[in-house]
Amino acid sequence: MVALCAAPPHLPRRARPVGYLRWLLQYGRRNPGLVLCATSDDDCFLYAAHERELRQHFHLQTPRLETMRELLDKEHLYRNAKQVGLCTPVTLCPTDAAEAQALGNQTQFPQLFKLRTQALSRTLHKGTPVSRPADLGEAHARFSRNNPFAPELLLRWPGADRPLLQEYLPLSAQRIYCVEGFIAPGTESWAMRAVVKLLSHPRFLGVGLLFEQADVLPHLEQRLVRLCRAVGYSGIFQCEFIEHEGEHLLIDFNPRFYNYMAIDHACGLPQAYLAYLHALGATEKLKAELERSRCVPPEAMGLVYCYGLGTWTQLCIERLFKRAPAEEAARWRRWCRGAARVVDPVWEKEDPGPGLADVLVQVWAAIRHPRSFLRSNTRPA
């Protein structure tokens with residue numbers, strides 16, 4: 001049995017790291033022996049930081065906290081990526097607003113201020129574009145002030161609150177090439193899949209809504225394996241690349257569950273089961289399952305992923321506010337109809353319960369935070 005735990009909704013956001021951990025340990029004492037899997041960067045950090053206490057009640061596999069920073073802190077990630085031959089966007093790491101302002105003459109614009117990690121961020125902000133060199137210092141100060149982190153992160157990862165300055169490539173971000181997979185301990189066995197993110201929420205800098213299958217590029221596969229070996233990581237992962245001037249540039253690496261796992265499961269890569277075997281220490285079973293998972297079964301060819309509720313909500317609101325052309329929704333409907341099969345993460349005709357629950361969750365979120373709901377659905381296309 002796999003336990004996917006989330007912070008109880010009654011906990012205030014500031015108290016969530018400490019409160020969530022306390023709740024999780026109490027839950028583990030009442031229900032010992034469950035498998036614990038990370039579903040967010042917060043989880044990745046907390047499980048690694050408190051592995052000893054959690055392991056008393058749960059089965060889990062997590063790398064050391066130092067290893068986790070090599071993947072979740074983008075300054076560290078990009079440095080490690082370059083050492084194994086992976087390309088990344090041009091990224092600078094100013095220590096303060098004055099240094100950011102001084103970099104104005106050394107960079108091409110537009111630039112993007114972004115969090116170096118999402119772990120224990122209180123905003124999960126995706127990035128702020130800057131179009132003029134004169135605005136860099138003020139934009140850095142404002143971004144740092146408006147995007148605080150929980151104290152535990154800064155205590156264990158000093159400097160993780162300093163934003164990165166990265167070249168902004170919005171046209172390249174319209175199609176994100178994603179590679180996801182699982183790598184066994186020892187990094188001698190692995191299986192991977194690839195998809196292209198076609199539409200996200202919000203546009204360009206958000207969570208994927210529409211994906212189609214793609215081939216795993218051999219040179220990226222081998223370099224990702226080398227990256228995992230270099231930092232000492234094994235387990236589930238998902239990473240994202242933008243395509244720019246003929247190169248695939250690594251922008252993110254997530255050592256955890258991700259939102260579109262349903263299509264990988266349908267394509268013969270049972271990520272949740274692999275994570276379960278890994279947590280139990282069933283190494284031989286894990287290697288055998290990875291060997292079976294290396295190839296996409298013929299019946300899975302032509303599958304696409306569509307989170308229907310999120311997709312059509314965004315497209316309808318964008319059309320209402322004239323942020324997207326009238327024919328775009330029709331184009332995506334034709335795309336879905338042309339697929340061999342559509343994988344929706346929450347909706348199945350035979351089991352409508354999760355889909356109905358998701359409708360209620362989204363409606364409640366829109367009622368509670370209407371401005372945020374409209375703003376996220378009306379980013380310019």
# chains A, B, ... in the order shown; residues from 1 in each chain; ligands from 1
$ residues_around --residues "range 48-53 of chain A" --least-positions-apart "5" --cutoff "8 Å" --atoms "only C-alpha atoms" --output "short mmCIF file (atom, residue, chain, number, x, y, z; two decimals) with N, CA, C and O atoms, in the first residue's frame"
data_model
loop_
_atom_site.label_atom_id
_atom_site.label_comp_id
_atom_site.auth_asym_id
_atom_site.auth_seq_id
_atom_site.Cartn_x
_atom_site.Cartn_y
_atom_site.Cartn_z
N LEU A 25 4.15 12.13 11.46
CA LEU A 25 4.69 11.19 12.44
C LEU A 25 3.56 10.58 13.29
O LEU A 25 3.59 9.38 13.60
N THR A 62 14.94 7.75 0.41
CA THR A 62 15.24 9.14 0.10
C THR A 62 16.75 9.33 0.11
O THR A 62 17.44 8.73 0.94
N PRO A 63 17.28 10.12 -0.80
CA PRO A 63 18.72 10.41 -0.74
C PRO A 63 19.05 11.30 0.45
O PRO A 63 18.16 11.85 1.11
N ARG A 64 20.33 11.46 0.71
CA ARG A 64 20.76 12.38 1.76
C ARG A 64 20.35 13.81 1.40
O ARG A 64 20.15 14.14 0.24
N LEU A 65 20.24 14.65 2.40
CA LEU A 65 19.82 16.03 2.18
C LEU A 65 20.80 16.75 1.25
O LEU A 65 20.40 17.58 0.43
N MET A 68 19.99 15.80 -2.23
CA MET A 68 18.75 16.44 -2.66
C MET A 68 19.00 17.88 -3.11
O MET A 68 18.42 18.35 -4.10
#
$ residues_around --residues "Thr107 in chain A" --least-positions-apart "3" --cutoff "9 Å" --atoms "only C-alpha atoms" --output "list in words"
Leu103, Gly104, Pro110, Gln111, Pro133 and Glu167 of chain A
$ write_last_selection --atoms "C-alpha atoms" --output "PDB file, in the first residue's frame"
ATOM      1  CA  LEU A 103      25.082  42.397 -14.349  1.00  0.00           C
ATOM      2  CA  GLY A 104      22.836  44.472 -16.606  1.00  0.00           C
ATOM      3  CA  PRO A 110      14.565  39.833 -21.539  1.00  0.00           C
ATOM      4  CA  GLN A 111      15.758  38.068 -18.391  1.00  0.00           C
ATOM      5  CA  PRO A 133      18.693  46.506 -17.615  1.00  0.00           C
ATOM      6  CA  GLU A 167      17.693  34.208 -20.026  1.00  0.00           C
TER       7      GLU A 167
END
$ residues_around --residues "Arg69 in chain A" --least-positions-apart "4" --cutoff "9 Å" --atoms "only C-alpha atoms" --output "PyMOL selection string"
chain A and resi 45+64-65+73-74+76-77+117+157
$ write_last_selection --atoms "N, CA, C and O atoms" --output "PDB file, in the first residue's frame"
ATOM      1  N   PHE A  45      12.391  17.611   0.489  1.00  0.00           N
ATOM      2  CA  PHE A  45      13.260  18.222   1.487  1.00  0.00           C
ATOM      3  C   PHE A  45      12.981  17.657   2.876  1.00  0.00           C
ATOM      4  O   PHE A  45      13.904  17.237   3.599  1.00  0.00           O
ATOM      5  N   ARG A  64      20.330  11.463   0.708  1.00  0.00           N
ATOM      6  CA  ARG A  64      20.761  12.379   1.756  1.00  0.00           C
ATOM      7  C   ARG A  64      20.351  13.807   1.396  1.00  0.00           C
ATOM      8  O   ARG A  64      20.147  14.140   0.238  1.00  0.00           O
ATOM      9  N   LEU A  65      20.239  14.652   2.400  1.00  0.00           N
ATOM     10  CA  LEU A  65      19.819  16.032   2.180  1.00  0.00           C
ATOM     11  C   LEU A  65      20.801  16.755   1.254  1.00  0.00           C
ATOM     12  O   LEU A  65      20.401  17.581   0.432  1.00  0.00           O
ATOM     13  N   ASP A  73      18.186  22.515  -5.950  1.00  0.00           N
ATOM     14  CA  ASP A  73      18.718  23.873  -6.043  1.00  0.00           C
ATOM     15  C   ASP A  73      19.277  24.032  -7.458  1.00  0.00           C
ATOM     16  O   ASP A  73      20.254  23.389  -7.838  1.00  0.00           O
ATOM     17  N   LYS A  74      18.668  24.911  -8.262  1.00  0.00           N
ATOM     18  CA  LYS A  74      19.010  24.983  -9.680  1.00  0.00           C
ATOM     19  C   LYS A  74      20.434  25.459  -9.925  1.00  0.00           C
ATOM     20  O   LYS A  74      21.032  25.109 -10.957  1.00  0.00           O
ATOM     21  N   HIS A  76      23.017  24.480  -8.221  1.00  0.00           N
ATOM     22  CA  HIS A  76      23.761  23.227  -8.109  1.00  0.00           C
ATOM     23  C   HIS A  76      23.421  22.297  -9.273  1.00  0.00           C
ATOM     24  O   HIS A  76      24.303  21.656  -9.847  1.00  0.00           O
ATOM     25  N   LEU A  77      22.125  22.200  -9.605  1.00  0.00           N
ATOM     26  CA  LEU A  77      21.691  21.318 -10.688  1.00  0.00           C
ATOM     27  C   LEU A  77      22.372  21.683 -11.994  1.00  0.00           C
ATOM     28  O   LEU A  77      22.889  20.811 -12.712  1.00  0.00           O
ATOM     29  N   THR A 117      14.949  27.201  -5.905  1.00  0.00           N
ATOM     30  CA  THR A 117      14.304  25.964  -5.468  1.00  0.00           C
ATOM     31  C   THR A 117      12.857  26.277  -5.098  1.00  0.00           C
ATOM     32  O   THR A 117      12.542  27.395  -4.667  1.00  0.00           O
ATOM     33  N   TRP A 157      20.001  24.922   4.189  1.00  0.00           N
ATOM     34  CA  TRP A 157      20.537  25.273   2.872  1.00  0.00           C
ATOM     35  C   TRP A 157      20.765  26.785   2.817  1.00  0.00           C
ATOM     36  O   TRP A 157      19.979  27.520   2.218  1.00  0.00           O
TER      37      TRP A 157
END
$ closest_residue --among "A:Ile263, A:Leu92, A:Val346, A:Ala141" --to "Tyr78 in chain A" --atoms "only C-alpha atoms"
A:Leu92
$ closest_residue --among "A:Ala230, A:Leu124, A:Leu303, A:Ile251" --to "Gln166 in chain A" --atoms "only C-alpha atoms"
A:Ile251
$ closest_residue --among "A:Gln213, A:Thr91, A:Gln222, A:Ser189" --to "Glu289 in chain A" --atoms "only C-alpha atoms"
A:Ser189
$ residues_around --residues "Arg375 in chain A" --least-positions-apart "6" --cutoff "12 Å" --atoms "only C-alpha atoms" --output "number ranges by chain"
A: 201-203, 314, 317-318, 321, 323, 366, 369
$ write_last_selection --atoms "N, CA and C atoms" --output "JSON list (two decimals), in the first residue's frame"
[["chain", "number", "residue", "atom", "x", "y", "z"],
["A", 201, "HIS", "N", -0.66, 25.41, -17.43],
["A", 201, "HIS", "CA", -1.46, 26.35, -16.64],
["A", 201, "HIS", "C", -0.62, 26.88, -15.48],
["A", 202, "PRO", "N", -0.34, 28.22, -15.47],
["A", 202, "PRO", "CA", -0.60, 29.18, -16.55],
["A", 202, "PRO", "C", 0.36, 28.97, -17.71],
["A", 203, "ARG", "N", 0.14, 29.67, -18.79],
["A", 203, "ARG", "CA", 0.92, 29.48, -20.01],
["A", 203, "ARG", "C", 2.41, 29.70, -19.75],
["A", 314, "GLN", "N", -9.33, 26.65, -18.75],
["A", 314, "GLN", "CA", -8.38, 27.69, -19.15],
["A", 314, "GLN", "C", -8.71, 28.24, -20.53],
["A", 317, "ILE", "N", -11.89, 30.53, -20.47],
["A", 317, "ILE", "CA", -11.68, 31.83, -19.83],
["A", 317, "ILE", "C", -10.75, 32.70, -20.66],
["A", 318, "GLU", "N", -9.72, 32.09, -21.25],
["A", 318, "GLU", "CA", -8.83, 32.86, -22.13],
["A", 318, "GLU", "C", -9.62, 33.43, -23.31],
["A", 321, "PHE", "N", -11.77, 36.44, -22.22],
["A", 321, "PHE", "CA", -11.01, 37.66, -22.02],
["A", 321, "PHE", "C", -10.14, 38.01, -23.24],
["A", 323, "ARG", "N", -7.75, 36.41, -24.70],
["A", 323, "ARG", "CA", -6.33, 36.11, -24.55],
["A", 323, "ARG", "C", -5.88, 34.99, -25.48],
["A", 366, "ALA", "N", -11.89, 28.39, -6.87],
["A", 366, "ALA", "CA", -12.27, 29.60, -7.60],
["A", 366, "ALA", "C", -13.11, 30.54, -6.74],
["A", 369, "HIS", "N", -10.65, 32.08, -3.99],
["A", 369, "HIS", "CA", -9.61, 32.97, -4.50],
["A", 369, "HIS", "C", -9.93, 33.37, -5.94]]
$ atom_distance --atom1 "CA of Arg145 in chain A" --atom2 "CA of Ser131 in chain A"
19.7 Å
$ select_by_dssp --residues "range 174-368 of chain A" --states "strand (DSSP E)" --output "CSV table (one decimal) with N, CA, C and O atoms, in the first residue's frame"
chain,number,residue,atom,x,y,z
A,176,ILE,N,7.6,22.1,-24.2
A,176,ILE,CA,8.6,21.6,-23.3
A,176,ILE,C,8.8,20.1,-23.5
A,176,ILE,O,7.8,19.3,-23.5
A,177,TYR,N,10.0,19.7,-23.7
A,177,TYR,CA,10.3,18.3,-23.9
A,177,TYR,C,10.6,17.7,-22.5
A,177,TYR,O,11.5,18.2,-21.8
A,178,CYS,N,9.9,16.7,-22.1
A,178,CYS,CA,10.0,16.1,-20.7
A,178,CYS,C,10.5,14.7,-20.8
A,178,CYS,O,10.0,13.9,-21.6
A,179,VAL,N,11.5,14.3,-20.0
A,179,VAL,CA,11.9,12.9,-19.8
A,179,VAL,C,11.7,12.5,-18.4
A,179,VAL,O,12.0,13.3,-17.4
A,180,GLU,N,11.0,11.4,-18.2
A,180,GLU,CA,10.7,10.9,-16.9
A,180,GLU,C,11.1,9.4,-16.8
A,180,GLU,O,11.2,8.7,-17.9
A,181,GLY,N,11.5,8.9,-15.6
A,181,GLY,CA,11.9,7.6,-15.6
A,181,GLY,C,12.2,7.1,-14.1
A,181,GLY,O,11.9,7.8,-13.2
A,182,PHE,N,12.8,6.0,-14.1
A,182,PHE,CA,13.2,5.4,-12.8
A,182,PHE,C,14.6,4.8,-12.9
A,182,PHE,O,14.8,4.1,-13.9
A,183,ILE,N,15.4,5.1,-12.0
A,183,ILE,CA,16.8,4.5,-12.0
A,183,ILE,C,17.0,3.8,-10.7
A,183,ILE,O,16.8,4.3,-9.6
A,190,TRP,N,17.6,1.0,-15.5
A,190,TRP,CA,16.7,2.2,-15.6
A,190,TRP,C,15.7,2.0,-16.7
A,190,TRP,O,15.9,1.1,-17.6
A,191,ALA,N,14.6,2.8,-16.7
A,191,ALA,CA,13.7,2.8,-17.8
A,191,ALA,C,13.2,4.3,-17.9
A,191,ALA,O,13.0,4.9,-16.9
A,192,MET,N,13.0,4.8,-19.1
A,192,MET,CA,12.6,6.1,-19.3
A,192,MET,C,11.5,6.2,-20.4
A,192,MET,O,11.3,5.4,-21.2
A,193,ARG,N,10.7,7.3,-20.3
A,193,ARG,CA,9.7,7.7,-21.3
A,193,ARG,C,9.9,9.2,-21.5
A,193,ARG,O,10.5,9.9,-20.7
A,194,ALA,N,9.3,9.7,-22.6
A,194,ALA,CA,9.4,11.1,-23.0
A,194,ALA,C,8.1,11.6,-23.5
A,194,ALA,O,7.3,10.8,-24.2
A,195,VAL,N,7.7,12.8,-23.2
A,195,VAL,CA,6.5,13.4,-23.7
A,195,VAL,C,6.9,14.9,-24.1
A,195,VAL,O,7.9,15.4,-23.6
A,196,VAL,N,6.0,15.5,-24.8
A,196,VAL,CA,6.1,17.0,-25.1
A,196,VAL,C,4.9,17.6,-24.4
A,196,VAL,O,3.8,17.3,-24.6
A,197,LYS,N,5.2,18.7,-23.6
A,197,LYS,CA,4.2,19.5,-23.0
A,197,LYS,C,3.7,20.5,-24.0
A,197,LYS,O,4.5,21.3,-24.4
A,198,LEU,N,2.4,20.4,-24.3
A,198,LEU,CA,1.9,21.3,-25.4
A,198,LEU,C,1.1,22.5,-24.8
A,198,LEU,O,1.0,23.6,-25.4
A,199,LEU,N,0.5,22.4,-23.6
A,199,LEU,CA,-0.2,23.4,-23.0
A,199,LEU,C,-0.1,23.3,-21.5
A,199,LEU,O,-0.1,22.2,-20.9
A,200,SER,N,0.1,24.5,-20.9
A,200,SER,CA,0.3,24.5,-19.4
A,200,SER,C,-0.5,25.5,-18.8
A,200,SER,O,-1.1,26.4,-19.4
A,201,HIS,N,-0.7,25.4,-17.4
A,201,HIS,CA,-1.5,26.3,-16.6
A,201,HIS,C,-0.6,26.9,-15.5
A,201,HIS,O,-0.2,26.1,-14.6
A,207,VAL,N,2.0,24.2,-14.8
A,207,VAL,CA,1.8,22.8,-14.8
A,207,VAL,C,1.2,22.3,-16.1
A,207,VAL,O,0.3,23.0,-16.6
A,208,GLY,N,1.6,21.2,-16.6
A,208,GLY,CA,1.2,20.7,-17.9
A,208,GLY,C,-0.3,20.2,-17.9
A,208,GLY,O,-0.7,19.6,-16.9
A,209,LEU,N,-1.0,20.6,-18.9
A,209,LEU,CA,-2.4,20.2,-19.1
A,209,LEU,C,-2.5,19.2,-20.3
A,209,LEU,O,-3.3,18.2,-20.2
A,210,LEU,N,-1.7,19.4,-21.4
A,210,LEU,CA,-1.8,18.5,-22.5
A,210,LEU,C,-0.3,18.0,-22.9
A,210,LEU,O,0.6,18.8,-22.9
A,211,PHE,N,-0.2,16.7,-23.1
A,211,PHE,CA,1.1,16.1,-23.4
A,211,PHE,C,0.8,15.1,-24.5
A,211,PHE,O,-0.2,14.5,-24.6
A,212,GLU,N,1.9,14.9,-25.4
A,212,GLU,CA,1.9,13.8,-26.4
A,212,GLU,C,3.2,13.1,-26.2
A,212,GLU,O,4.2,13.6,-25.8
A,213,GLN,N,3.1,11.8,-26.6
A,213,GLN,CA,4.3,11.0,-26.5
A,213,GLN,C,5.4,11.4,-27.4
A,213,GLN,O,5.2,12.0,-28.5
A,214,ALA,N,6.6,11.2,-27.0
A,214,ALA,CA,7.8,11.5,-27.8
A,214,ALA,C,8.9,10.4,-27.6
A,214,ALA,O,8.8,9.6,-26.7
A,235,GLY,N,16.0,6.4,-8.0
A,235,GLY,CA,14.6,6.5,-7.7
A,235,GLY,C,13.9,7.1,-8.9
A,235,GLY,O,14.4,7.2,-10.0
A,236,ILE,N,12.7,7.6,-8.6
A,236,ILE,CA,11.8,8.2,-9.6
A,236,ILE,C,12.3,9.6,-10.0
A,236,ILE,O,12.9,10.3,-9.1
A,237,PHE,N,12.1,10.0,-11.2
A,237,PHE,CA,12.5,11.4,-11.6
A,237,PHE,C,11.7,11.9,-12.8
A,237,PHE,O,11.2,11.1,-13.6
A,238,GLN,N,11.6,13.2,-12.9
A,238,GLN,CA,11.0,13.8,-14.1
A,238,GLN,C,11.8,15.1,-14.3
A,238,GLN,O,12.1,15.8,-13.4
A,239,CYS,N,12.2,15.3,-15.6
A,239,CYS,CA,13.0,16.5,-15.9
A,239,CYS,C,12.4,17.2,-17.1
A,239,CYS,O,11.7,16.6,-18.0
A,240,GLU,N,12.7,18.5,-17.3
A,240,GLU,CA,12.2,19.3,-18.4
A,240,GLU,C,13.3,20.0,-19.1
A,240,GLU,O,14.2,20.5,-18.5
A,241,PHE,N,13.1,20.0,-20.5
A,241,PHE,CA,14.0,20.7,-21.3
A,241,PHE,C,13.2,21.7,-22.2
A,241,PHE,O,12.1,21.4,-22.7
A,242,ILE,N,13.8,22.8,-22.5
A,242,ILE,CA,13.3,23.7,-23.6
A,242,ILE,C,14.2,23.5,-24.8
A,242,ILE,O,15.4,23.2,-24.7
A,243,GLU,N,13.6,23.6,-26.0
A,243,GLU,CA,14.4,23.5,-27.2
A,243,GLU,C,14.7,24.9,-27.8
A,243,GLU,O,13.8,25.7,-28.0
A,244,HIS,N,16.0,25.1,-27.9
A,244,HIS,CA,16.5,26.5,-28.3
A,244,HIS,C,17.7,26.4,-29.2
A,244,HIS,O,18.7,25.8,-28.8
A,247,GLU,N,19.3,23.0,-29.6
A,247,GLU,CA,19.8,22.3,-28.3
A,247,GLU,C,18.6,22.1,-27.4
A,247,GLU,O,17.7,22.9,-27.3
A,248,HIS,N,18.7,21.0,-26.6
A,248,HIS,CA,17.8,20.8,-25.5
A,248,HIS,C,18.4,21.3,-24.2
A,248,HIS,O,19.5,20.8,-23.8
A,249,LEU,N,17.8,22.3,-23.6
A,249,LEU,CA,18.4,22.9,-22.4
A,249,LEU,C,17.6,22.5,-21.2
A,249,LEU,O,16.4,22.7,-21.1
A,250,LEU,N,18.3,21.8,-20.3
A,250,LEU,CA,17.7,21.3,-19.0
A,250,LEU,C,17.3,22.5,-18.2
A,250,LEU,O,18.1,23.4,-17.9
A,251,ILE,N,16.0,22.5,-17.7
A,251,ILE,CA,15.6,23.6,-16.9
A,251,ILE,C,15.1,23.1,-15.5
A,251,ILE,O,15.0,23.9,-14.6
A,252,ASP,N,14.8,21.8,-15.4
A,252,ASP,CA,14.3,21.4,-14.1
A,252,ASP,C,14.5,19.9,-14.0
A,252,ASP,O,14.4,19.1,-15.0
A,253,PHE,N,14.7,19.4,-12.7
A,253,PHE,CA,14.8,18.0,-12.4
A,253,PHE,C,14.1,17.7,-11.1
A,253,PHE,O,14.4,18.3,-10.1
A,254,ASN,N,13.0,16.9,-11.2
A,254,ASN,CA,12.2,16.6,-10.0
A,254,ASN,C,12.3,15.2,-9.6
A,254,ASN,O,11.9,14.3,-10.2
A,303,LEU,N,-1.1,7.3,-27.6
A,303,LEU,CA,-1.8,7.9,-26.4
A,303,LEU,C,-1.4,9.3,-26.2
A,303,LEU,O,-0.3,9.7,-26.5
A,304,VAL,N,-2.4,10.1,-25.7
A,304,VAL,CA,-2.1,11.5,-25.3
A,304,VAL,C,-2.7,11.7,-24.0
A,304,VAL,O,-3.5,10.9,-23.5
A,305,TYR,N,-2.2,12.7,-23.3
A,305,TYR,CA,-2.6,13.1,-21.9
A,305,TYR,C,-3.4,14.4,-22.0
A,305,TYR,O,-2.9,15.4,-22.6
A,306,CYS,N,-4.6,14.4,-21.4
A,306,CYS,CA,-5.4,15.6,-21.4
A,306,CYS,C,-6.1,15.7,-20.1
A,306,CYS,O,-6.9,14.9,-19.8
A,341,ARG,N,-6.0,7.1,-27.9
A,341,ARG,CA,-6.7,7.1,-26.7
A,341,ARG,C,-6.3,8.3,-25.9
A,341,ARG,O,-5.1,8.7,-26.0
A,342,VAL,N,-7.2,8.9,-25.1
A,342,VAL,CA,-6.9,10.0,-24.3
A,342,VAL,C,-6.8,9.6,-22.8
A,342,VAL,O,-7.7,8.9,-22.3
A,343,VAL,N,-5.7,9.9,-22.2
A,343,VAL,CA,-5.5,9.6,-20.7
A,343,VAL,C,-5.8,10.8,-19.9
A,343,VAL,O,-5.1,11.9,-20.1
$ residues_around --residues "Gly281 in chain A" --least-positions-apart "6" --cutoff "9 Å" --atoms "only C-alpha atoms" --output "NGL selection string"
:A and (59-61)
$ select_by_dssp --residues "range 33-125 of chain A" --states "helix (DSSP H, G or I)" --output "VMD selection string"
chain A and resid 41 to 49 51 to 55 65 to 72 74 to 83 97 to 106
$ write_last_selection --atoms "C-alpha atoms" --output "PDB file, in the first residue's frame"
ATOM      1  CA  ASP A  41       9.608  19.473  -3.482  1.00  0.00           C
ATOM      2  CA  ASP A  42       8.547  20.232   0.098  1.00  0.00           C
ATOM      3  CA  ASP A  43       8.170  16.499   0.690  1.00  0.00           C
ATOM      4  CA  CYS A  44      11.564  15.792  -0.872  1.00  0.00           C
ATOM      5  CA  PHE A  45      13.260  18.222   1.487  1.00  0.00           C
ATOM      6  CA  LEU A  46      11.370  17.199   4.629  1.00  0.00           C
ATOM      7  CA  TYR A  47      11.709  13.447   4.067  1.00  0.00           C
ATOM      8  CA  ALA A  48      15.466  13.782   3.500  1.00  0.00           C
ATOM      9  CA  ALA A  49      15.904  16.143   6.463  1.00  0.00           C
ATOM     10  CA  GLU A  51      14.594  10.490   7.386  1.00  0.00           C
ATOM     11  CA  ARG A  52      15.627   8.974  10.727  1.00  0.00           C
ATOM     12  CA  GLU A  53      12.361   9.855  12.481  1.00  0.00           C
ATOM     13  CA  LEU A  54      10.162   8.900   9.499  1.00  0.00           C
ATOM     14  CA  ARG A  55      11.860   5.558   8.968  1.00  0.00           C
ATOM     15  CA  LEU A  65      19.819  16.032   2.180  1.00  0.00           C
ATOM     16  CA  GLU A  66      23.091  17.068   0.506  1.00  0.00           C
ATOM     17  CA  THR A  67      22.239  14.975  -2.559  1.00  0.00           C
ATOM     18  CA  MET A  68      18.754  16.442  -2.661  1.00  0.00           C
ATOM     19  CA  ARG A  69      20.175  19.965  -2.852  1.00  0.00           C
ATOM     20  CA  GLU A  70      22.297  18.971  -5.855  1.00  0.00           C
ATOM     21  CA  LEU A  71      19.027  18.362  -7.734  1.00  0.00           C
ATOM     22  CA  LEU A  72      16.489  20.775  -6.220  1.00  0.00           C
ATOM     23  CA  LYS A  74      19.010  24.983  -9.680  1.00  0.00           C
ATOM     24  CA  GLU A  75      22.412  26.600  -9.237  1.00  0.00           C
ATOM     25  CA  HIS A  76      23.761  23.227  -8.109  1.00  0.00           C
ATOM     26  CA  LEU A  77      21.691  21.318 -10.688  1.00  0.00           C
ATOM     27  CA  TYR A  78      22.962  23.367 -13.625  1.00  0.00           C
ATOM     28  CA  ARG A  79      26.558  23.023 -12.495  1.00  0.00           C
ATOM     29  CA  ASN A  80      26.173  19.243 -12.208  1.00  0.00           C
ATOM     30  CA  ALA A  81      24.366  19.079 -15.560  1.00  0.00           C
ATOM     31  CA  LYS A  82      27.167  20.857 -17.400  1.00  0.00           C
ATOM     32  CA  GLN A  83      29.710  18.444 -15.939  1.00  0.00           C
ATOM     33  CA  ALA A  97      20.314  43.621  -5.716  1.00  0.00           C
ATOM     34  CA  ALA A  98      23.490  45.629  -6.299  1.00  0.00           C
ATOM     35  CA  GLU A  99      25.221  42.708  -7.988  1.00  0.00           C
ATOM     36  CA  ALA A 100      22.094  42.015 -10.048  1.00  0.00           C
ATOM     37  CA  GLN A 101      22.093  45.640 -11.253  1.00  0.00           C
ATOM     38  CA  ALA A 102      25.773  45.431 -12.133  1.00  0.00           C
ATOM     39  CA  LEU A 103      25.082  42.397 -14.349  1.00  0.00           C
ATOM     40  CA  GLY A 104      22.836  44.472 -16.606  1.00  0.00           C
ATOM     41  CA  ASN A 105      25.595  45.186 -19.125  1.00  0.00           C
ATOM     42  CA  GLN A 106      26.606  41.512 -19.350  1.00  0.00           C
TER      43      GLN A 106
END
$ atom_distance --atom1 "CA of Ala275 in chain A" --atom2 "CA of Arg256 in chain A"
9.3 Å
